[in-house]
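> See target-v3.pdb below, with PDB, C-alpha atoms.
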```pdb
ATOM      1  CA  MET A   3     -49.816 -72.330   1.792
ATOM      2  CA  ARG A   4     -49.208 -69.185   3.841
ATOM      3  CA  ARG A   5     -46.848 -71.098   6.173
ATOM      4  CA  LEU A   6     -44.867 -72.366   3.202
ATOM      5  CA  ALA A   7     -44.517 -68.858   1.786
ATOM      6  CA  ASP A   8     -43.526 -67.458   5.188
ATOM      7  CA  GLY A   9     -40.991 -70.253   5.615
ATOM      8  CA  LEU A  10     -39.417 -69.560   2.221
ATOM      9  CA  ILE A  11     -39.273 -65.831   2.890
ATOM     10  CA  SER A  12     -37.670 -66.491   6.274
ATOM     11  CA  LEU A  13     -35.087 -68.785   4.688
ATOM     12  CA  ILE A  14     -34.250 -66.322   1.921
ATOM     13  CA  SER A  15     -34.009 -63.411   4.374
ATOM     14  CA  ARG A  16     -31.221 -65.285   6.198
ATOM     15  CA  THR A  17     -29.081 -65.433   3.052
ATOM     16  CA  PRO A  18     -25.800 -63.732   3.971
ATOM     17  CA  GLN A  19     -24.930 -60.514   2.141
ATOM     18  CA  TRP A  20     -21.514 -61.892   1.191
ATOM     19  CA  LEU A  21     -23.196 -64.705  -0.761
ATOM     20  CA  VAL A  22     -25.511 -62.307  -2.592
ATOM     21  CA  GLY A  23     -22.529 -60.074  -3.428
ATOM     22  CA  LEU A  24     -20.397 -63.002  -4.572
ATOM     23  CA  ILE A  25     -23.130 -64.376  -6.842
ATOM     24  CA  GLY A  26     -23.765 -60.904  -8.277
ATOM     25  CA  ARG A  27     -20.049 -60.309  -8.888
ATOM     26  CA  LEU A  28     -19.627 -63.684 -10.597
ATOM     27  CA  ALA A  29     -22.758 -63.365 -12.741
ATOM     28  CA  ILE A  30     -21.995 -59.879 -14.043
ATOM     29  CA  GLY A  31     -18.230 -60.359 -14.170
ATOM     30  CA  LEU A  32     -18.462 -63.537 -16.237
ATOM     31  CA  THR A  33     -21.018 -61.945 -18.569
ATOM     32  CA  PHE A  34     -18.717 -59.039 -19.429
ATOM     33  CA  TRP A  35     -15.562 -61.220 -19.456
ATOM     34  CA  THR A  36     -17.168 -63.579 -21.982
ATOM     35  CA  SER A  37     -18.150 -60.629 -24.153
ATOM     36  CA  GLY A  38     -14.618 -59.252 -23.966
ATOM     37  CA  ARG A  39     -13.092 -62.582 -25.002
ATOM     38  CA  THR A  40     -15.136 -62.529 -28.227
ATOM     39  CA  LYS A  41     -13.500 -59.243 -29.221
ATOM     40  CA  VAL A  42      -9.838 -60.281 -29.176
ATOM     41  CA  ASP A  43      -7.519 -62.837 -30.715
ATOM     42  CA  GLY A  44      -5.353 -64.397 -28.023
ATOM     43  CA  TRP A  45      -4.534 -62.261 -25.005
ATOM     44  CA  ASN A  46      -3.471 -58.933 -26.517
ATOM     45  CA  ILE A  47      -6.372 -56.789 -25.339
ATOM     46  CA  PHE A  48      -4.744 -53.665 -26.803
ATOM     47  CA  HIS A  49      -4.983 -54.813 -30.430
ATOM     48  CA  VAL A  50      -8.269 -54.204 -32.251
ATOM     49  CA  ASN A  51      -8.781 -56.941 -34.840
ATOM     50  CA  ASP A  52     -10.704 -56.495 -38.101
ATOM     51  CA  LYS A  53     -13.747 -58.406 -36.823
ATOM     52  CA  THR A  54     -14.121 -56.190 -33.766
ATOM     53  CA  LEU A  55     -13.529 -53.013 -35.763
ATOM     54  CA  PHE A  56     -16.239 -54.105 -38.213
ATOM     55  CA  LEU A  57     -18.673 -54.663 -35.328
ATOM     56  CA  PHE A  58     -18.063 -51.201 -33.902
ATOM     57  CA  THR A  59     -18.220 -49.561 -37.328
ATOM     58  CA  GLU A  60     -21.187 -51.361 -38.879
ATOM     59  CA  GLU A  61     -23.108 -53.418 -36.325
ATOM     60  CA  TYR A  62     -22.965 -51.512 -33.042
ATOM     61  CA  LYS A  63     -23.089 -48.062 -34.656
ATOM     62  CA  LEU A  64     -22.027 -46.182 -31.554
ATOM     63  CA  PHE A  65     -22.209 -43.018 -33.595
ATOM     64  CA  ARG A  66     -25.981 -43.124 -34.135
ATOM     65  CA  LEU A  67     -28.589 -41.966 -31.682
ATOM     66  CA  PHE A  68     -31.724 -44.092 -31.841
ATOM     67  CA  GLY A  69     -30.748 -45.156 -35.376
ATOM     68  CA  LYS A  70     -31.734 -41.789 -36.812
ATOM     69  CA  TYR A  71     -29.394 -38.960 -35.881
ATOM     70  CA  GLU A  72     -25.630 -38.931 -36.260
ATOM     71  CA  LEU A  73     -23.776 -38.402 -32.990
ATOM     72  CA  CYS A  74     -20.077 -39.209 -33.021
ATOM     73  CA  ILE A  75     -19.090 -40.249 -29.513
ATOM     74  CA  ALA A  76     -15.618 -41.335 -30.595
ATOM     75  CA  PRO A  77     -14.031 -43.096 -33.568
ATOM     76  CA  PRO A  78     -15.081 -46.770 -33.815
ATOM     77  CA  LYS A  79     -11.508 -48.023 -33.324
ATOM     78  CA  LEU A  80     -11.164 -46.060 -30.080
ATOM     79  CA  MET A  81     -14.550 -47.298 -28.836
ATOM     80  CA  ALA A  82     -13.621 -50.896 -29.717
ATOM     81  CA  LEU A  83     -10.319 -50.601 -27.861
ATOM     82  CA  ALA A  84     -11.960 -49.029 -24.807
ATOM     83  CA  ALA A  85     -14.665 -51.702 -24.724
ATOM     84  CA  GLN A  86     -12.347 -54.669 -25.062
ATOM     85  CA  VAL A  87      -9.915 -53.366 -22.426
ATOM     86  CA  ALA A  88     -12.773 -52.534 -20.034
ATOM     87  CA  GLU A  89     -14.414 -55.928 -20.638
ATOM     88  CA  HIS A  90     -11.198 -57.645 -19.587
ATOM     89  CA  VAL A  91     -10.014 -55.484 -16.687
ATOM     90  CA  LEU A  92     -13.254 -54.507 -14.921
ATOM     91  CA  PRO A  93     -14.750 -58.036 -14.714
ATOM     92  CA  VAL A  94     -11.556 -59.433 -13.171
ATOM     93  CA  LEU A  95     -11.548 -56.664 -10.567
ATOM     94  CA  LEU A  96     -15.247 -57.254  -9.925
ATOM     95  CA  ILE A  97     -14.928 -61.032  -9.558
ATOM     96  CA  VAL A  98     -12.050 -60.883  -7.070
ATOM     97  CA  GLY A  99     -13.705 -57.981  -5.278
ATOM     98  CA  LEU A 100     -10.951 -55.401  -5.774
ATOM     99  CA  ALA A 101     -12.092 -51.804  -6.324
ATOM    100  CA  THR A 102     -15.549 -53.329  -6.546
ATOM    101  CA  ARG A 103     -17.591 -50.147  -6.474
ATOM    102  CA  PHE A 104     -15.351 -48.504  -9.096
ATOM    103  CA  SER A 105     -15.507 -51.605 -11.315
ATOM    104  CA  ALA A 106     -19.279 -51.874 -10.949
ATOM    105  CA  LEU A 107     -19.650 -48.185 -11.802
ATOM    106  CA  GLY A 108     -17.568 -48.661 -14.964
ATOM    107  CA  LEU A 109     -19.644 -51.667 -16.021
ATOM    108  CA  LEU A 110     -22.843 -49.751 -15.254
ATOM    109  CA  GLY A 111     -21.620 -47.011 -17.594
ATOM    110  CA  MET A 112     -20.939 -49.612 -20.280
ATOM    111  CA  THR A 113     -24.397 -51.076 -19.712
ATOM    112  CA  LEU A 114     -25.987 -47.668 -20.251
ATOM    113  CA  VAL A 115     -24.017 -47.111 -23.478
ATOM    114  CA  ILE A 116     -24.999 -50.569 -24.737
ATOM    115  CA  GLN A 117     -28.652 -49.917 -23.871
ATOM    116  CA  VAL A 118     -28.867 -46.476 -25.494
ATOM    117  CA  PHE A 119     -26.604 -46.863 -28.520
ATOM    118  CA  VAL A 120     -26.278 -50.570 -29.321
ATOM    119  CA  TYR A 121     -29.278 -52.676 -28.300
ATOM    120  CA  PRO A 122     -32.093 -50.321 -27.219
ATOM    121  CA  ASN A 123     -34.674 -53.124 -27.230
ATOM    122  CA  ALA A 124     -32.771 -55.233 -24.676
ATOM    123  CA  TYR A 125     -33.900 -53.146 -21.710
ATOM    124  CA  VAL A 126     -34.994 -56.165 -19.649
ATOM    125  CA  LEU A 127     -31.525 -57.731 -19.786
ATOM    126  CA  HIS A 128     -29.723 -54.438 -19.261
ATOM    127  CA  GLY A 129     -32.099 -53.518 -16.437
ATOM    128  CA  THR A 130     -31.168 -56.753 -14.690
ATOM    129  CA  TRP A 131     -27.459 -56.017 -15.090
ATOM    130  CA  ALA A 132     -28.007 -52.462 -13.821
ATOM    131  CA  ALA A 133     -29.892 -53.702 -10.743
ATOM    132  CA  VAL A 134     -27.072 -56.079  -9.771
ATOM    133  CA  LEU A 135     -24.409 -53.442 -10.436
ATOM    134  CA  LEU A 136     -26.303 -50.838  -8.395
ATOM    135  CA  MET A 137     -26.570 -53.342  -5.552
ATOM    136  CA  LEU A 138     -22.787 -53.852  -5.663
ATOM    137  CA  ILE A 139     -22.182 -50.097  -5.754
ATOM    138  CA  LYS A 140     -24.481 -49.520  -2.772
ATOM    139  CA  TYR A 141     -23.603 -52.492  -0.557
ATOM    140  CA  GLY A 142     -20.093 -53.368  -1.720
ATOM    141  CA  PRO A 143     -18.668 -56.787  -2.536
ATOM    142  CA  GLY A 144     -19.287 -58.554   0.766
ATOM    143  CA  ALA A 145     -16.939 -60.394   3.102
ATOM    144  CA  ILE A 146     -15.423 -62.694   0.465
ATOM    145  CA  SER A 147     -13.429 -60.039  -1.412
ATOM    146  CA  VAL A 148     -10.027 -58.403  -1.656
ATOM    147  CA  ASP A 149     -11.671 -55.092  -0.715
ATOM    148  CA  ARG A 150     -12.674 -56.586   2.647
ATOM    149  CA  LEU A 151      -9.163 -57.958   3.233
ATOM    150  CA  ILE A 152      -7.646 -54.549   2.511
ATOM    151  CA  SER A 153     -10.141 -52.704   4.713
ATOM    152  CA  ARG A 154      -9.304 -54.925   7.706
ATOM    153  CA  ARG A 155      -5.651 -53.839   7.720
TER     154      ARG A 155
END
```
Go ahead and express the file in the form of structure tokens.

Amino acid sequence: MRRLADGLISLISRTPQWLVGLIGRLAIGLTFWTSGRTKVDGWNIFHVNDKTLFLFTEEYKLFRLFGKYELCIAPPKLMALAAQVAEHVLPVLLIVGLATRFSALGLLGMTLVIQVFVYPNAYVLHGTWAAVLLMLIKYGPGAISVDRLISRR
């Protein structure tokens, strides 16, 4: 049993960093992209529809701290617009590996806002997102990325 475990650990330790980065970028990028697509009608990411405005006004309650105290971060329409633009732009940058660390930092900020103000009980999910995003911030996107192509010039 020990040999099997050692063999698996040896195999996993040879996984190239570019593959880990690519999988992380795809997993997080597609998660946020999918969320962004639910907020808009068509492709106009600068128009806040009634459904999205309702979510940010009534469901997400980004102006409440722990459901008890009022804390107005910004008007719901502005928060909805910022979220839907960020959830379309940052995931694309992350997936192609362009400005990866900046994109990951922006999505980490969104993750923290979602955790604190929107879904405080979803810490396991948000912790997983944060771990992947922190890995991308620390190690970068890997060899299969636009960032790497630019840095070689």
> When the PyMOL selection byres ((chain A and resi 104) around 12) is applied to the file above, which residues end up in the set, as a ChimeraX atom specification?
/A:88,91-93,95-96,99-103,105-111,135-136,138-140,142-143,149
> Take the residues that were just selected and, keeping C-alpha atoms, output them as a PDB file, in the coordinates of the input.

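After the write, again-v5.pdb holds the following:
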```
ATOM      1  CA  ALA A  88     -12.773 -52.534 -20.034  1.00  0.00           C
ATOM      2  CA  VAL A  91     -10.014 -55.484 -16.687  1.00  0.00           C
ATOM      3  CA  LEU A  92     -13.254 -54.507 -14.921  1.00  0.00           C
ATOM      4  CA  PRO A  93     -14.750 -58.036 -14.714  1.00  0.00           C
ATOM      5  CA  LEU A  95     -11.548 -56.664 -10.567  1.00  0.00           C
ATOM      6  CA  LEU A  96     -15.247 -57.254  -9.925  1.00  0.00           C
ATOM      7  CA  GLY A  99     -13.705 -57.981  -5.278  1.00  0.00           C
ATOM      8  CA  LEU A 100     -10.951 -55.401  -5.774  1.00  0.00           C
ATOM      9  CA  ALA A 101     -12.092 -51.804  -6.324  1.00  0.00           C
ATOM     10  CA  THR A 102     -15.549 -53.329  -6.546  1.00  0.00           C
ATOM     11  CA  ARG A 103     -17.591 -50.147  -6.474  1.00  0.00           C
ATOM     12  CA  SER A 105     -15.507 -51.605 -11.315  1.00  0.00           C
ATOM     13  CA  ALA A 106     -19.279 -51.874 -10.949  1.00  0.00           C
ATOM     14  CA  LEU A 107     -19.650 -48.185 -11.802  1.00  0.00           C
ATOM     15  CA  GLY A 108     -17.568 -48.661 -14.964  1.00  0.00           C
ATOM     16  CA  LEU A 109     -19.644 -51.667 -16.021  1.00  0.00           C
ATOM     17  CA  LEU A 110     -22.843 -49.751 -15.254  1.00  0.00           C
ATOM     18  CA  GLY A 111     -21.620 -47.011 -17.594  1.00  0.00           C
ATOM     19  CA  LEU A 135     -24.409 -53.442 -10.436  1.00  0.00           C
ATOM     20  CA  LEU A 136     -26.303 -50.838  -8.395  1.00  0.00           C
ATOM     21  CA  LEU A 138     -22.787 -53.852  -5.663  1.00  0.00           C
ATOM     22  CA  ILE A 139     -22.182 -50.097  -5.754  1.00  0.00           C
ATOM     23  CA  LYS A 140     -24.481 -49.520  -2.772  1.00  0.00           C
ATOM     24  CA  GLY A 142     -20.093 -53.368  -1.720  1.00  0.00           C
ATOM     25  CA  PRO A 143     -18.668 -56.787  -2.536  1.00  0.00           C
ATOM     26  CA  ASP A 149     -11.671 -55.092  -0.715  1.00  0.00           C
TER      27      ASP A 149
END
```
> Between atom CA of A:Ile97 and atom CA of A:Leu28, what is the distance, to one decimal in Å?
5.5 Å
> Need the shell around A:Ala145: protein/DNA/RNA residues with any atom at most 9 Å away, counting all atoms listed in the file. Skip same-chain ones fewer than 6 positions apart. Format as an MDAnalysis selection string?
chainID A and resid 19:21 23:24 151
> Write the residues of the selection above to a file with C-alpha atoms, as an mmCIF file, in the coordinates of the input.

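Written output follows (selection-v6.cif):
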```
data_model
loop_
_atom_site.group_PDB
_atom_site.id
_atom_site.type_symbol
_atom_site.label_atom_id
_atom_site.label_comp_id
_atom_site.auth_asym_id
_atom_site.auth_seq_id
_atom_site.Cartn_x
_atom_site.Cartn_y
_atom_site.Cartn_z
ATOM 1 C CA GLN A 19 -24.930 -60.514 2.141
ATOM 2 C CA TRP A 20 -21.514 -61.892 1.191
ATOM 3 C CA LEU A 21 -23.196 -64.705 -0.761
ATOM 4 C CA GLY A 23 -22.529 -60.074 -3.428
ATOM 5 C CA LEU A 24 -20.397 -63.002 -4.572
ATOM 6 C CA LEU A 151 -9.163 -57.958 3.233
#
```
> Using all atoms listed in the file, give me every residue within 12 Å of (-11.3, -55.1, -34.4) in file coordinates, as a ChimeraX atom specification.
/A:38,40-43,46-60,78-86
> Atom CA of A:Glu89 and atom CA of A:Met112, how far apart in Å?
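If I compute the distance from atom CA of A:Met112 to atom CA of A:Glu89, I get 9.1 Å.
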> State, in Å with one decimal place, the distance from atom CA of A:Glu61 to atom CA of A:Ile116.
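Atom CA of A:Ile116 lies 12.1 Å from atom CA of A:Glu61.
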> Between A:Thr113, A:Gly144, A:Ile11, A:His90, single out the one closest to A:Gly129, counting all atoms listed in the file.
A:Thr113
> Tell me which of A:Ile75, A:Ile152, A:Ile146, A:Ala132 sits closest to A:Val22, counting all atoms listed in the file.
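When distances to A:Val22 are compared using all atoms listed in the file, the smallest one comes from A:Ile146.
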